[in-house]
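S.K.: Pasting in a structure now, in structure tokens, and then I'll have a few things to ask.
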Amino acid sequence: MTTRPFVEIDRVWMRYNGSGGTLALRNTSLTVDKQEFVAVVGPSGCGKSTLMRLVTGLWPASAGSVIVAGKEVDRPLSIAGMAFQNPTLLPWRTVLDNVMLPFEVVDTLAARLRKDRALYEQQCRELLELVGLKGFEHKNPWQLSGGMQQRASLCRALVHQPQLLMLDEPFGALDVFTREDLWSVLQNLWLARRPTVILVTHDLREAAFLADRILVMTARPGRIMIERKVDLPRPRTPQMTYSSYFQDLVQDLREHIDRARQGEELAHAE
Ligand code: ADP
């Protein structure tokens with residue numbers, strides 16, 4: 001018996017601002033299996049963030065269907081956790097209280113929190129320890145570096161044990177060393193919790209380090225152009241990025257994206 005994919009995007013079109021507006025996605029289809037880690041890469045403006053908004057139900061598709069966990073997505077998904085490029089932690093709350101936030105803003109979770117605050121607080125502390133923030137629970141975000149803030153926002157995205165984790169350029173604003181540290185942090189979180197992950201990134205090495213499968217999009221209006229499986233064992237280590245397998249994979253992805261961008265330039269020149 002084959003199991004149904006967890007995320008099913010079927011021939012989706014997305015045009016912003018009505019019939020004369022920007023066509024962001026054109027007849028795009030993809031599937032993601034349960035507990036799979038997929039990365040989406042592609043030229044800037046090709047529709048990656050749009051894809052994230054459709055999967056999480058933040059925008060409706062203009063045509064086609066988006067199904068998550070067997071259900072058509074027609075409203076913001078409560079089974080998803082999200083993290084973006086900027087950590088968006090609330091400055092007046094401590095790290096612990098920021099990570100606890102989903103329990104307060106999602107109705108069903110608020111009821112659980114009222115019943116057993118100590119248990120959920122303990123789970124928060126465990127997550128913070130897992131990402132190396134033990135001892136920082138009572139600091140405010142401005143007392144943390146950018147990388148530490150992003151660690152906290154990964155915890156916040158995962159604290160309510162979402163089945164789906166959506167990450168849109170989560171490390172894009174960090175320097176290269178901090179970013180690479182966070183690859184391992186994210187991998188550890190995924191191995192511990194095993195949510196289904198869709199990661200949008202412009203960093204091809206990041207995609208190759210983290211993902212089971214990489215989807216490369218065409219220039220806008222975006223579609224999936226090719227996909228590549230990443231055959232590296234887990235946990236992956238920084239040393240693996242020096243291997244010729246890893247470097248060839250990244251080079252292959254880069255060539256496809258360059259070609260997509262050249263196609264876009266030619267189309268604009270016509
Ligand atoms: P990416 O994440 O790949 O950089 P986006 O999904 O953000 O691409 O954007 C795809 C296209 O849709 C771009 O041309 C962008 O300008 C346009 N777009 C994105 N969001 C909106 C919006 N809210 N209103 C109108 N156009 C938008």
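Starting from 1 in every chain, residues are counted up; chains themselves are A, B, ... following the order of the structure tokens, and ligands are numbered from 1 as listed.
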What are the closest atom pairs, with distances in Å to one decimal, for all residues of chain A lying within 10 Å of ligand 1? Consider only C-alpha atoms and all ligand atoms, order rows by chain and residue number, and present the result as CSV.

M.R.:
residue,atom,partner,partner_atom_place_in_ligand_line,distance
A:Met14,CA,ligand 1,12 (O),8.6
A:Arg15,CA,ligand 1,12 (O),7.8
A:Tyr16,CA,ligand 1,25 (C),4.8
A:Asn17,CA,ligand 1,25 (C),6.1
A:Gly18,CA,ligand 1,25 (C),9.6
A:Gly21,CA,ligand 1,25 (C),7.1
A:Thr22,CA,ligand 1,26 (N),5.6
A:Leu23,CA,ligand 1,12 (O),6.7
A:Ala24,CA,ligand 1,11 (C),4.5
A:Leu25,CA,ligand 1,10 (C),7.6
A:Val40,CA,ligand 1,3 (O),9.2
A:Val41,CA,ligand 1,3 (O),8.0
A:Gly42,CA,ligand 1,3 (O),6.6
A:Pro43,CA,ligand 1,3 (O),6.4
A:Ser44,CA,ligand 1,4 (O),4.2
A:Gly45,CA,ligand 1,4 (O),3.3
A:Cys46,CA,ligand 1,3 (O),3.9
A:Gly47,CA,ligand 1,6 (O),3.2
A:Lys48,CA,ligand 1,3 (O),3.7
A:Ser49,CA,ligand 1,2 (O),3.7
A:Thr50,CA,ligand 1,6 (O),3.7
A:Leu51,CA,ligand 1,6 (O),6.5
A:Met52,CA,ligand 1,6 (O),8.0
A:Arg53,CA,ligand 1,6 (O),8.3
A:Leu54,CA,ligand 1,6 (O),10.0
A:Trp59,CA,ligand 1,23 (N),9.2
A:Asp168,CA,ligand 1,2 (O),8.1
A:Glu169,CA,ligand 1,2 (O),8.8
A:Val200,CA,ligand 1,2 (O),7.8
A:Thr201,CA,ligand 1,2 (O),8.7
A:His202,CA,ligand 1,3 (O),8.7
A:Met217,CA,ligand 1,3 (O),8.5
A:Thr218,CA,ligand 1,3 (O),9.6
A:Ala219,CA,ligand 1,3 (O),8.3
A:Arg220,CA,ligand 1,10 (C),6.6
A:Pro221,CA,ligand 1,11 (C),7.4
A:Gly222,CA,ligand 1,10 (C),7.9

S.K.: I need the residues from that last selection saved to file as a short mmCIF file (atom, residue, chain, number, x, y, z; two decimals), in the first residue's frame (with N, CA, C and O atoms), if you can.

M.R.:
data_model
loop_
_atom_site.label_atom_id
_atom_site.label_comp_id
_atom_site.auth_asym_id
_atom_site.auth_seq_id
_atom_site.Cartn_x
_atom_site.Cartn_y
_atom_site.Cartn_z
N MET A 14 -1.17 30.93 -9.15
CA MET A 14 -1.35 32.01 -8.18
C MET A 14 -1.06 33.33 -8.85
O MET A 14 0.05 33.57 -9.34
N ARG A 15 -2.09 34.15 -8.93
CA ARG A 15 -1.92 35.50 -9.48
C ARG A 15 -2.32 36.50 -8.40
O ARG A 15 -3.39 36.39 -7.82
N TYR A 16 -1.39 37.43 -8.11
CA TYR A 16 -1.70 38.45 -7.10
C TYR A 16 -2.53 39.56 -7.72
O TYR A 16 -2.35 39.88 -8.90
N ASN A 17 -3.39 40.16 -6.97
CA ASN A 17 -4.13 41.38 -7.36
C ASN A 17 -4.99 41.22 -8.60
O ASN A 17 -5.01 42.08 -9.47
N GLY A 18 -5.68 40.10 -8.72
CA GLY A 18 -6.68 39.96 -9.79
C GLY A 18 -6.09 39.70 -11.16
O GLY A 18 -4.87 39.46 -11.29
N GLY A 21 -2.82 41.22 -12.45
CA GLY A 21 -1.71 41.25 -11.49
C GLY A 21 -0.58 40.27 -11.81
O GLY A 21 -0.59 39.61 -12.85
N THR A 22 0.37 40.20 -10.91
CA THR A 22 1.57 39.38 -11.12
C THR A 22 1.23 37.89 -11.04
O THR A 22 0.66 37.43 -10.05
N LEU A 23 1.63 37.17 -12.09
CA LEU A 23 1.46 35.71 -12.05
C LEU A 23 2.69 35.13 -11.35
O LEU A 23 3.80 35.19 -11.88
N ALA A 24 2.50 34.62 -10.14
CA ALA A 24 3.65 34.15 -9.35
C ALA A 24 3.89 32.65 -9.57
O ALA A 24 5.04 32.20 -9.64
N LEU A 25 2.83 31.87 -9.66
CA LEU A 25 2.98 30.42 -9.87
C LEU A 25 2.13 29.98 -11.05
O LEU A 25 0.99 30.45 -11.21
N VAL A 40 13.22 24.06 -1.03
CA VAL A 40 12.81 24.65 -2.30
C VAL A 40 13.78 25.78 -2.61
O VAL A 40 13.97 26.68 -1.80
N VAL A 41 14.42 25.68 -3.77
CA VAL A 41 15.38 26.71 -4.18
C VAL A 41 14.98 27.23 -5.56
O VAL A 41 14.23 26.57 -6.28
N GLY A 42 15.47 28.41 -5.90
CA GLY A 42 15.14 28.96 -7.21
C GLY A 42 15.53 30.42 -7.28
O GLY A 42 15.85 31.01 -6.25
N PRO A 43 15.48 31.01 -8.48
CA PRO A 43 15.88 32.42 -8.61
C PRO A 43 15.00 33.31 -7.74
O PRO A 43 13.86 32.96 -7.45
N SER A 44 15.54 34.45 -7.36
CA SER A 44 14.79 35.39 -6.54
C SER A 44 13.51 35.81 -7.27
O SER A 44 13.51 36.02 -8.47
N GLY A 45 12.41 35.86 -6.54
CA GLY A 45 11.13 36.29 -7.12
C GLY A 45 10.40 35.21 -7.90
O GLY A 45 9.41 35.47 -8.58
N CYS A 46 10.85 33.95 -7.80
CA CYS A 46 10.24 32.89 -8.63
C CYS A 46 8.95 32.34 -8.01
O CYS A 46 8.26 31.54 -8.62
N GLY A 47 8.65 32.74 -6.77
CA GLY A 47 7.38 32.29 -6.18
C GLY A 47 7.55 31.35 -5.00
O GLY A 47 6.59 30.70 -4.57
N LYS A 48 8.75 31.29 -4.40
CA LYS A 48 8.99 30.37 -3.28
C LYS A 48 8.15 30.76 -2.06
O LYS A 48 7.49 29.91 -1.45
N SER A 49 8.18 32.05 -1.71
CA SER A 49 7.40 32.47 -0.54
C SER A 49 5.91 32.33 -0.81
O SER A 49 5.14 32.01 0.10
N THR A 50 5.53 32.56 -2.05
CA THR A 50 4.13 32.39 -2.43
C THR A 50 3.69 30.95 -2.16
O THR A 50 2.62 30.70 -1.60
N LEU A 51 4.54 30.02 -2.53
CA LEU A 51 4.25 28.60 -2.30
C LEU A 51 4.04 28.34 -0.80
O LEU A 51 3.12 27.63 -0.40
N MET A 52 4.88 28.96 0.02
CA MET A 52 4.74 28.78 1.48
C MET A 52 3.40 29.32 1.96
O MET A 52 2.73 28.73 2.80
N ARG A 53 3.01 30.48 1.41
CA ARG A 53 1.74 31.10 1.85
C ARG A 53 0.56 30.22 1.46
O ARG A 53 -0.42 30.15 2.19
N LEU A 54 0.66 29.56 0.32
CA LEU A 54 -0.45 28.70 -0.11
C LEU A 54 -0.53 27.46 0.79
O LEU A 54 -1.62 27.05 1.19
N TRP A 59 -2.74 32.54 2.02
CA TRP A 59 -3.37 33.05 0.80
C TRP A 59 -4.09 31.89 0.13
O TRP A 59 -3.59 30.77 0.17
N ASP A 168 11.00 29.93 5.94
CA ASP A 168 11.23 30.78 4.79
C ASP A 168 12.51 31.59 5.02
O ASP A 168 12.49 32.56 5.79
N GLU A 169 13.59 31.18 4.40
CA GLU A 169 14.90 31.83 4.55
C GLU A 169 15.24 32.09 6.02
O GLU A 169 15.60 33.21 6.39
N VAL A 200 12.45 27.04 2.47
CA VAL A 200 12.77 27.88 1.32
C VAL A 200 14.10 28.53 1.60
O VAL A 200 14.30 29.10 2.68
N THR A 201 15.03 28.43 0.67
CA THR A 201 16.33 29.06 0.88
C THR A 201 16.96 29.44 -0.45
O THR A 201 16.67 28.83 -1.48
N HIS A 202 17.82 30.48 -0.42
CA HIS A 202 18.58 30.77 -1.64
C HIS A 202 19.98 30.17 -1.50
O HIS A 202 20.79 30.28 -2.40
N MET A 217 13.08 25.53 -8.60
CA MET A 217 12.00 26.19 -9.35
C MET A 217 12.53 26.96 -10.54
O MET A 217 13.66 27.42 -10.56
N THR A 218 11.68 27.11 -11.56
CA THR A 218 12.00 27.96 -12.71
C THR A 218 11.87 29.41 -12.27
O THR A 218 11.35 29.69 -11.20
N ALA A 219 12.29 30.34 -13.14
CA ALA A 219 12.03 31.75 -12.87
C ALA A 219 10.52 31.97 -12.91
O ALA A 219 9.77 31.12 -13.41
N ARG A 220 10.07 33.12 -12.38
CA ARG A 220 8.64 33.42 -12.33
C ARG A 220 8.00 33.45 -13.72
O ARG A 220 8.62 33.99 -14.62
N PRO A 221 6.78 32.99 -13.87
CA PRO A 221 5.96 32.28 -12.90
C PRO A 221 6.50 30.89 -12.62
O PRO A 221 6.72 30.09 -13.53
N GLY A 222 6.71 30.61 -11.33
CA GLY A 222 7.48 29.43 -10.95
C GLY A 222 6.75 28.10 -11.08
O GLY A 222 5.53 28.01 -10.89
#

S.K.: Would you mind listing what lies within 12 Å of Asn140 (chain A) as a PyMOL selection string, with only C-alpha atoms counted and same-chain residues fewer than 6 positions away left out?

M.R.: chain A and resi 89-99+148-149+152

S.K.: Between A:Ala39, A:Leu154, A:Leu101, A:Val68, which one has atoms that come closest to Asn86 (chain A), using only C-alpha atoms?

M.R.: A:Leu154

S.K.: Restricting the calculation to only C-alpha atoms, which member of A:Arg125, A:Arg112, A:Arg223, A:His138 is positioned closest to Asp10 (chain A)?

M.R.: A:Arg223

S.K.: For the structure I just gave you, how does DSSP split region 146-246 of chain A - specifically, which residues are strand (DSSP E)? Reply as a PyMOL selection string.

M.R.: chain A and resi 164-168+196-200+213-217+224-229

S.K.: CA of Ala118 (chain A) and CA of Ser78 (chain A) are how many Å apart?

M.R.: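 Separating CA of Ala118 (chain A) from CA of Ser78 (chain A) is a distance of 22.8 Å.
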
S.K.: Considering only C-alpha atoms, can you say which of A:Pro87, A:Pro195, A:Pro76, A:Pro162 comes closest to Ser145 (chain A)?

M.R.: A:Pro87

S.K.: Which residues are near Glu206 (chain A)? Cut-off 9 Å, only C-alpha atoms, ignore same chain within fewer than 6 positions. Put them as a list in words.

M.R.: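 In the requested form, the answer reads Ala39, Arg179, Glu180 and Trp183 of chain A.
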
S.K.: With distances taken over only C-alpha atoms, which of A:Met240, A:Leu204, A:Met166, A:Leu58 is nearest to Glu255 (chain A)?

M.R.: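 Selected residue with least distance to Glu255 (chain A): A:Leu204.
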
S.K.: Please indicate the distance in Å from CA of Val176 (chain A) to CA of Gln247 (chain A), rounded to one decimal place.

M.R.: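 Atom-to-atom, CA of Val176 (chain A) to CA of Gln247 (chain A), that is 17.1 Å.
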
S.K.: Run DSSP on the backbone and give me the residues of region 111-234 of chain A it puts in helix (DSSP H, G or I), as a count of residues only.

M.R.: 60

S.K.: Give me the residues within 9 Å of Phe103 (chain A) as a list in words, counting only C-alpha atoms and dropping any in the same chain fewer than 5 places off.

M.R.: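 The residues that qualify are Thr108, Leu109, Ala110, Ala111, Arg112, Leu113, Tyr120, Val159 and His160 of chain A.
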
S.K.: For the selection you just gave me, I'd like the residues written to a file as a PDB file, in the first residue's frame, keeping C-alpha atoms.

M.R.:
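again.pdb, freshly written:
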ATOM      1  CA  THR A 108      -6.937  24.972  21.526  1.00  0.00           C
ATOM      2  CA  LEU A 109      -3.417  25.276  22.924  1.00  0.00           C
ATOM      3  CA  ALA A 110      -4.399  27.959  25.457  1.00  0.00           C
ATOM      4  CA  ALA A 111      -6.817  25.513  27.071  1.00  0.00           C
ATOM      5  CA  ARG A 112      -4.041  22.918  27.355  1.00  0.00           C
ATOM      6  CA  LEU A 113      -1.678  25.500  28.835  1.00  0.00           C
ATOM      7  CA  TYR A 120       4.503  22.876  28.793  1.00  0.00           C
ATOM      8  CA  VAL A 159       7.019  24.149  20.720  1.00  0.00           C
ATOM      9  CA  HIS A 160       3.458  23.010  20.037  1.00  0.00           C
TER      10      HIS A 160
END

S.K.: Taking into account only C-alpha atoms, which residue in the set A:Leu249, A:Ile224, A:Val32, A:Leu191 is nearest to Phe6 (chain A)?

M.R.: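 Of A:Leu249, A:Ile224, A:Val32, A:Leu191, the one nearest Phe6 (chain A), counting only C-alpha atoms, is A:Val32.
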